[in-house]
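Asker: Take this structure, written in structure tokens, and hold onto it; I'll ask about it next.
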Amino acid sequence: MTLLIEQTLNGIQLGLLMFLLAAGLTLVFGIMDLVNLAHGSLYMFGAYFCASFTAWTDSFVIGALLALPAALLLGVIVEVVVARKLYRRDHLDHVLATFGLILIANDLVRLVWGPDGRRIPLPAWLNQPIYLTPDLPYPTYRFAVIVVGAAVALFLYWLVTRTRTGMWIRAGASNRTMIGALGINVELLFTLVFGLGAVLAALAGLMAAPIVTVSIGMGDNILILAFVIIVIGGIGSIKGAFIAAMIVGMIDTLGRALLPDLLKTFLSVAAANTAAPALSSMMIYLLMAGVLVWRSTGLFGARG
Amino acid sequence: MAGLLTPLTTWRGRITALLLVLLGLLPWYAPWLDAAGIISQKFALTLMTRVLILAIAAVSLNLILGYGGMVSFGHAVYIGLGGYTVGIMAHHGVQDGFLQFPLAIGLSALLALAIGALSLRTRGVYFIMLTLAFAQLLYYVGVGLEAYGGDDGLTINRRSDFAGLLPTRGLDKIVAFYIVSFVVLVLVLWLVHRLVNARFGMALRGTKSNETRMQALGFATFHYRLAAFVIAGAICGLAGALLANHTEFISPAMMHWTRSGDLIVMVVLGGMGSLFGPLYGAIAFLLLEEFLPSLLRLVLTWLHGGISAVLGGAAIGTLDAWLRLAEYWQIALGTIMILVVLYARGGIDSLFGRPRHG
């Protein structure tokens, strides 16, 4: 039972991280109609920025707070130099150009930070368990990730549904040409949305960094998961991204935690340990295929 | 066969013919290149075999991407399936190529039928993502197959045996396999040429430009698209079977999504919807990958010499420090890709004059 609660919390934590990554992706996708494969690179840069700033300031929190504006700056540069020229092109061009951006990003990181992975040390107060109930310890850091992730999700909800900027964003997602005609500075809005997406991706990357190792290409596989999430949720829908991210986080975590024991009943231990993570990854893609075959624009998507 | 190369009177036709002749005769002039100290015979043949095999895969992707307008982002999955078919059979002692190859092609066609039947119901980016999802599914099957090496892959101890017709060791093996790959490529090019110029290809290209109109004309467009998808999958499975024989190794990395991305890059770099475009693209992409570091070193040496002559050597660092930058050649490759997308839409093929479709 304790294991189940702990793994459920881990699932929520992974789901929230994935949501941060997917939210930026679905906004960029929904509003600018841009397939941005380099979104995973922004996630990676967030982690590397945080690693450097943490090393300089000796504080993970200050390091993280400095990494976010750095990611914003990087996002704006990428938008102005490359992404902006792609909005009017077709999806194939997006895939190609941003695939090129991934190659550049990975080698740029190797050039600046070297080929070896980095670990971000946690401060002592984050590096101990807290007791949710007297006999249920849980790592404080993972709990902090849940709190920050939930807070950012609520902030996004407020931003999109309750503010003027959010109104522009929603209007932009449903009709780009029209909001331009109504006198909104579309170019600035696009840069803003891209920058916001970069900050969210970097936040996900730097929060994941102390749990996984900071390494080159760390964003490449998680990017595909983020795409799966926004496609399941329906492109452009923040709500859909949130629900899909939670489902994917749960499947991945619970699959990895519970499947090995289940598989050991009819497979050898070694085979079960290899097959279980593969199987839980496969379940995510099966879910996506199932959702798309059932509803060809995802759970909450309006357009293709 | 004649229709493939005409008209030889245009530059496009002449360049393509010259390229095919150069490729076809490589085993005969490679020893001469080796003797002249330009490039080792074995290295040249091994590298170009890989180019030919991936060109076959790119030509198959071009059939659905270039002619059919279907952006499949999971095409490497058939390379993986073809490769695993050969690898797993060899692992269990079945070396007969006359069994391995038809099975690799047949299984790939079946997989393409299943993926296509489900994916082709969706449009646009959902199609891209669905083909990607199915490819990832198979990728994780490969990772989970502990019996066949899981993540680490599997070494193939003996290549496919075609009734003992192919040499099994030494330089002869490499030369023979190069010739086989070249012949297969030419046959595939011929097949695709015939397909896209037949009624089938016309309907497929019509579907790409206006599906509703094709349906109004009475064409069952879904069936045309699905048939093209299956043929492309089968051809790519053949490329996978060849690749497994070439590298004598299989692993899930063969079908990682970045490999599917590489195939798309080859097709677009070469020129979509042009018969020989994917071949140009495969040559350019793989040779860039191989020789870009050396090329960069050359440019950097030249730049360093020029600048230090003007500013004095001490001001800009040693040549060694500059040459180390060439390790990061992927930055240059990525930049080239972005520039091609932004400013050279027709790909390499469009440099040779008027596009010839099919």
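Ordering of the structure tokens sets the chain letters (A, B, ...), residue numbers begin anew at 1 in every chain, and ligands are numbered from 1 in the order given.
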Name the residues of region 104-219 of chain B that fall into helix (DSSP H, G or I) according to DSSP on the backbone, using the chain letters and numbers of this document, as a compact mmCIF listing (two decimals) with C-alpha atoms, in the first residue's frame.
Answerer:
# COMPACT_ATOMS: atom_id res chain seq x y z
CA ALA B 104 11.84 -9.56 -44.35
CA ILE B 105 9.99 -7.96 -47.27
CA GLY B 106 6.70 -9.73 -46.50
CA LEU B 107 6.73 -8.89 -42.79
CA SER B 108 7.54 -5.24 -43.56
CA ALA B 109 4.64 -5.13 -46.02
CA LEU B 110 2.32 -6.58 -43.38
CA LEU B 111 3.52 -4.10 -40.77
CA ALA B 112 3.05 -1.24 -43.25
CA LEU B 113 -0.46 -2.54 -43.99
CA ALA B 114 -1.35 -2.44 -40.29
CA ILE B 115 0.29 0.95 -39.61
CA GLY B 116 -1.07 2.46 -42.81
CA ALA B 117 -4.63 1.19 -42.28
CA LEU B 118 -4.73 2.93 -38.89
CA SER B 119 -2.61 6.05 -39.59
CA GLY B 124 -1.58 16.41 -41.14
CA VAL B 125 0.43 16.43 -37.99
CA TYR B 126 -1.67 13.67 -36.43
CA PHE B 127 -0.50 11.38 -39.25
CA ILE B 128 3.13 12.38 -38.59
CA MET B 129 2.72 11.62 -34.90
CA LEU B 130 0.84 8.35 -35.38
CA THR B 131 3.47 6.91 -37.71
CA LEU B 132 6.07 8.04 -35.17
CA ALA B 133 4.14 6.36 -32.35
CA PHE B 134 3.98 3.02 -34.12
CA ALA B 135 7.68 3.18 -34.90
CA GLN B 136 8.45 3.94 -31.25
CA LEU B 137 6.26 0.98 -30.29
CA LEU B 138 8.41 -1.37 -32.37
CA TYR B 139 11.56 0.36 -31.10
CA TYR B 140 10.58 -0.54 -27.54
CA VAL B 141 9.76 -4.10 -28.64
CA GLY B 142 13.37 -4.26 -29.83
CA VAL B 143 14.61 -2.83 -26.53
CA GLY B 144 12.51 -5.37 -24.62
CA GLU B 146 16.21 -9.65 -24.05
CA ALA B 147 16.69 -12.90 -26.00
CA TYR B 148 18.05 -10.91 -28.97
CA GLY B 150 17.68 -5.96 -25.93
CA ASP B 151 19.15 -2.47 -26.02
CA ASP B 152 22.64 -3.70 -26.92
CA GLY B 170 37.79 -10.92 -47.71
CA LEU B 171 37.62 -8.18 -50.30
CA ASP B 172 35.54 -10.35 -52.64
CA LYS B 173 32.73 -10.32 -50.09
CA ILE B 174 32.76 -6.52 -49.94
CA VAL B 175 32.89 -6.10 -53.73
CA ALA B 176 30.13 -8.65 -54.33
CA PHE B 177 27.88 -7.08 -51.73
CA TYR B 178 28.43 -3.63 -53.23
CA ILE B 179 27.39 -4.91 -56.64
CA VAL B 180 24.31 -6.62 -55.19
CA SER B 181 23.28 -3.39 -53.43
CA PHE B 182 23.80 -1.39 -56.61
CA VAL B 183 21.70 -3.79 -58.68
CA VAL B 184 18.93 -3.74 -56.07
CA LEU B 185 18.98 0.08 -56.04
CA VAL B 186 18.68 0.26 -59.83
CA LEU B 187 15.83 -2.27 -59.80
CA VAL B 188 14.03 -0.29 -57.08
CA LEU B 189 14.50 2.97 -59.00
CA TRP B 190 13.13 1.28 -62.10
CA LEU B 191 10.16 -0.10 -60.14
CA VAL B 192 9.33 3.30 -58.63
CA HIS B 193 9.74 4.94 -62.04
CA ARG B 194 7.25 2.50 -63.56
CA LEU B 195 4.88 2.88 -60.62
CA VAL B 196 4.69 6.66 -60.57
CA ASN B 197 4.23 6.89 -64.32
CA ARG B 199 -2.14 4.95 -63.74
CA PHE B 200 -1.46 4.05 -60.11
CA GLY B 201 1.17 6.76 -59.73
CA MET B 202 -0.96 9.35 -61.51
CA ALA B 203 -3.80 8.65 -59.10
CA LEU B 204 -1.42 8.81 -56.15
CA ARG B 205 -0.01 12.17 -57.25
CA GLY B 206 -3.53 13.41 -57.89
CA THR B 207 -4.44 12.41 -54.35
CA LYS B 208 -1.53 14.45 -53.06
CA SER B 209 -2.61 17.64 -54.77
CA GLU B 211 -7.89 14.33 -52.64
CA THR B 212 -11.49 15.52 -52.76
CA ARG B 213 -11.31 15.99 -56.52
CA MET B 214 -9.85 12.51 -56.96
CA GLN B 215 -12.69 11.07 -54.90
CA ALA B 216 -15.18 12.99 -56.99
Asker: Would you kindly report the residues of chain A within 6 Å of chain B, using only C-alpha atoms, as a ChimeraX atom specification?
Answerer: /A:97,100-101,103-104,107,271,274-275,278,282,285,296
Asker: May I have the residues within 6 Å of Thr98 (chain A) as an NGL selection string, using only C-alpha atoms and disregarding those fewer than 2 positions away in the same chain?
Answerer: :A and (36-38 or 94-96 or 100-101)
Asker: Limited to N, CA and C atoms, could you put the picked residues into a file as a PDB file, in the first residue's frame?
Answerer:
ATOM      1  N   ASN A  36       7.697  22.032 -33.267  1.00  0.00           N
ATOM      2  CA  ASN A  36       9.032  22.403 -32.807  1.00  0.00           C
ATOM      3  C   ASN A  36       9.746  21.223 -32.150  1.00  0.00           C
ATOM      4  N   LEU A  37      10.528  20.491 -32.958  1.00  0.00           N
ATOM      5  CA  LEU A  37      11.260  19.354 -32.397  1.00  0.00           C
ATOM      6  C   LEU A  37      12.350  19.832 -31.436  1.00  0.00           C
ATOM      7  N   ALA A  38      12.759  21.101 -31.568  1.00  0.00           N
ATOM      8  CA  ALA A  38      13.847  21.617 -30.740  1.00  0.00           C
ATOM      9  C   ALA A  38      13.370  21.992 -29.343  1.00  0.00           C
ATOM     10  N   HIS A  94       8.991  22.354 -40.920  1.00  0.00           N
ATOM     11  CA  HIS A  94       9.216  22.518 -39.482  1.00  0.00           C
ATOM     12  C   HIS A  94      10.046  21.375 -38.941  1.00  0.00           C
ATOM     13  N   VAL A  95       9.636  20.146 -39.317  1.00  0.00           N
ATOM     14  CA  VAL A  95      10.331  18.953 -38.829  1.00  0.00           C
ATOM     15  C   VAL A  95      11.814  19.029 -39.198  1.00  0.00           C
ATOM     16  N   LEU A  96      12.081  19.386 -40.464  1.00  0.00           N
ATOM     17  CA  LEU A  96      13.463  19.410 -40.936  1.00  0.00           C
ATOM     18  C   LEU A  96      14.301  20.484 -40.251  1.00  0.00           C
ATOM     19  N   GLY A 100      17.357  20.098 -37.556  1.00  0.00           N
ATOM     20  CA  GLY A 100      18.671  20.736 -37.667  1.00  0.00           C
ATOM     21  C   GLY A 100      19.046  21.477 -36.390  1.00  0.00           C
ATOM     22  N   LEU A 101      18.059  22.137 -35.792  1.00  0.00           N
ATOM     23  CA  LEU A 101      18.312  22.857 -34.532  1.00  0.00           C
ATOM     24  C   LEU A 101      18.767  21.888 -33.432  1.00  0.00           C
TER      25      LEU A 101
END
Asker: Please list as a CSV table (one decimal) with N, CA and C atoms, in the first residue's frame every residue within 12 Å of Leu154 (chain A), counting only C-alpha atoms and excluding residues in the same chain fewer than 6 positions away.
Answerer:
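Saved to result_35.csv:
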chain,number,residue,atom,x,y,z
A,16,LEU,N,3.4,16.1,-13.9
A,16,LEU,CA,3.5,17.6,-13.8
A,16,LEU,C,4.7,18.0,-14.6
A,19,PHE,N,3.8,17.8,-18.1
A,19,PHE,CA,2.9,18.9,-18.5
A,19,PHE,C,3.6,20.2,-18.8
A,20,LEU,N,4.6,20.5,-17.9
A,20,LEU,CA,5.3,21.8,-18.2
A,20,LEU,C,5.9,21.8,-19.6
A,147,VAL,N,4.7,20.5,-5.8
A,147,VAL,CA,4.2,21.8,-5.4
A,147,VAL,C,4.4,22.8,-6.5
A,148,VAL,N,5.7,22.9,-7.0
A,148,VAL,CA,6.0,23.9,-8.0
A,148,VAL,C,5.2,23.6,-9.3
A,160,VAL,N,-4.2,31.9,-19.0
A,160,VAL,CA,-4.9,31.7,-20.2
A,160,VAL,C,-6.4,32.0,-20.1
A,161,THR,N,-7.0,31.8,-18.9
A,161,THR,CA,-8.5,32.0,-18.9
A,161,THR,C,-8.9,33.3,-18.3
A,162,ARG,N,-8.0,34.0,-17.5
A,162,ARG,CA,-8.5,35.2,-16.8
A,162,ARG,C,-7.8,36.5,-17.2
A,238,ILE,N,-4.6,23.3,-23.5
A,238,ILE,CA,-3.8,23.2,-22.3
A,238,ILE,C,-4.5,22.2,-21.4
A,239,LYS,N,-5.8,22.2,-21.3
A,239,LYS,CA,-6.5,21.2,-20.5
A,239,LYS,C,-6.2,19.8,-20.9
A,242,PHE,N,-2.8,18.7,-19.9
A,242,PHE,CA,-2.7,18.4,-18.5
A,242,PHE,C,-3.2,17.0,-18.2
Asker: Between B:Met254, B:Ile39, B:Val51, B:Cys236, single out the one closest to Leu288 (chain B), counting only C-alpha atoms.
Answerer: B:Val51
Asker: Measure the distance from CA of Gly240 (chain A) to CA of Leu182 (chain A) in Å and round it to one decimal.
Answerer: 27.9 Å
Asker: Pick from A:Gly172, A:Val35, A:Ala208, A:Ala153: nearest to Leu92 (chain A), with only C-alpha atoms counted?
Answerer: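 Among the listed residues, A:Val35 lies closest to Leu92 (chain A).
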Asker: Need the shell around Ile250 (chain B): protein/DNA/RNA residues with any atom at most 8 Å away, counting only C-alpha atoms. Skip same-chain ones fewer than 3 positions apart. Format as number ranges by chain?
Answerer: B: 80, 83-84, 87, 153-156, 244, 247, 254
Asker: Enter the distance from CA of Val293 (chain A) to CA of Ser251 (chain B), in Å, rounded to one decimal.
Answerer: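 Here the two named atoms are 29.4 Å from each other.
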Asker: With DSSP run on the backbone, what are the strand (DSSP E) residues within region 115-318 of chain B? I'd like them as a ChimeraX atom specification.
Answerer: /B:154-155,249-250
Asker: Can those selected residues be exported to a file as a PDB file, in the first residue's frame so that it contains C-alpha atoms?
Answerer:
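Once everything was written out, this is again35.pdb:
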ATOM      1  CA  LEU B 154      22.821  -8.635 -31.699  1.00  0.00           C
ATOM      2  CA  THR B 155      25.868  -9.494 -33.776  1.00  0.00           C
ATOM      3  CA  PHE B 249      24.744  -6.226 -36.505  1.00  0.00           C
ATOM      4  CA  ILE B 250      21.216  -5.304 -35.499  1.00  0.00           C
TER       5      ILE B 250
END
Asker: Taking into account only C-alpha atoms, which residue in the set B:Arg159, B:Lys42, B:His75, B:Arg50 is nearest to His91 (chain B)?
Answerer: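 So, comparing all the options, the nearest one is B:Arg159.
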Asker: Kindly indicate which residue among A:Arg89, A:Ala204, A:Ala51, A:Phe143 lies nearest to Tyr131 (chain A), using only C-alpha atoms for the distances.
Answerer: A:Phe143
Asker: List as a list in words the protein and nucleic acid residues near Gln95 (chain B), meaning an atom at most 12 Å away when only C-alpha atoms are counted, but skip any in the same chain fewer than 4 places from it.
Answerer: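 My reading of the contact set: Thr85, Val86, Gly87, Ile88, Met89, Ala90, His91, Leu99, Gln100, Phe101, Ile156, Asn157, Arg158, Arg159, Ser160, Asp161, Phe162, Ala163, Gly164 and Asn245 of chain B.
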Asker: Determine the nearest neighbour of Thr191 (chain A) from the options A:Ala289, A:Val80, A:Leu21, A:Val212, counting only C-alpha atoms.
Answerer: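 The closest residue to Thr191 (chain A) is A:Val80.
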Asker: Set the distance at 9 Å and use only C-alpha atoms: which residues neighbour Asn10 (chain A) once local chain neighbours fewer than 6 positions away are removed? I'd like the list as a ChimeraX atom specification.
Answerer: /A:142-143,146,249-250,253-254
Asker: Please save C-alpha atoms of the selected residues as a JSON list (two decimals), in the first residue's frame.
Answerer:
[["chain", "number", "residue", "atom", "x", "y", "z"],
["A", 142, "ARG", "CA", 10.10, 15.24, -5.37],
["A", 143, "PHE", "CA", 7.40, 16.76, -3.17],
["A", 146, "ILE", "CA", 4.86, 18.49, -7.24],
["A", 249, "GLY", "CA", 2.95, 10.00, -16.05],
["A", 250, "MET", "CA", 0.85, 7.43, -14.22],
["A", 253, "THR", "CA", 5.57, 5.21, -13.35],
["A", 254, "LEU", "CA", 3.11, 2.53, -12.29]]
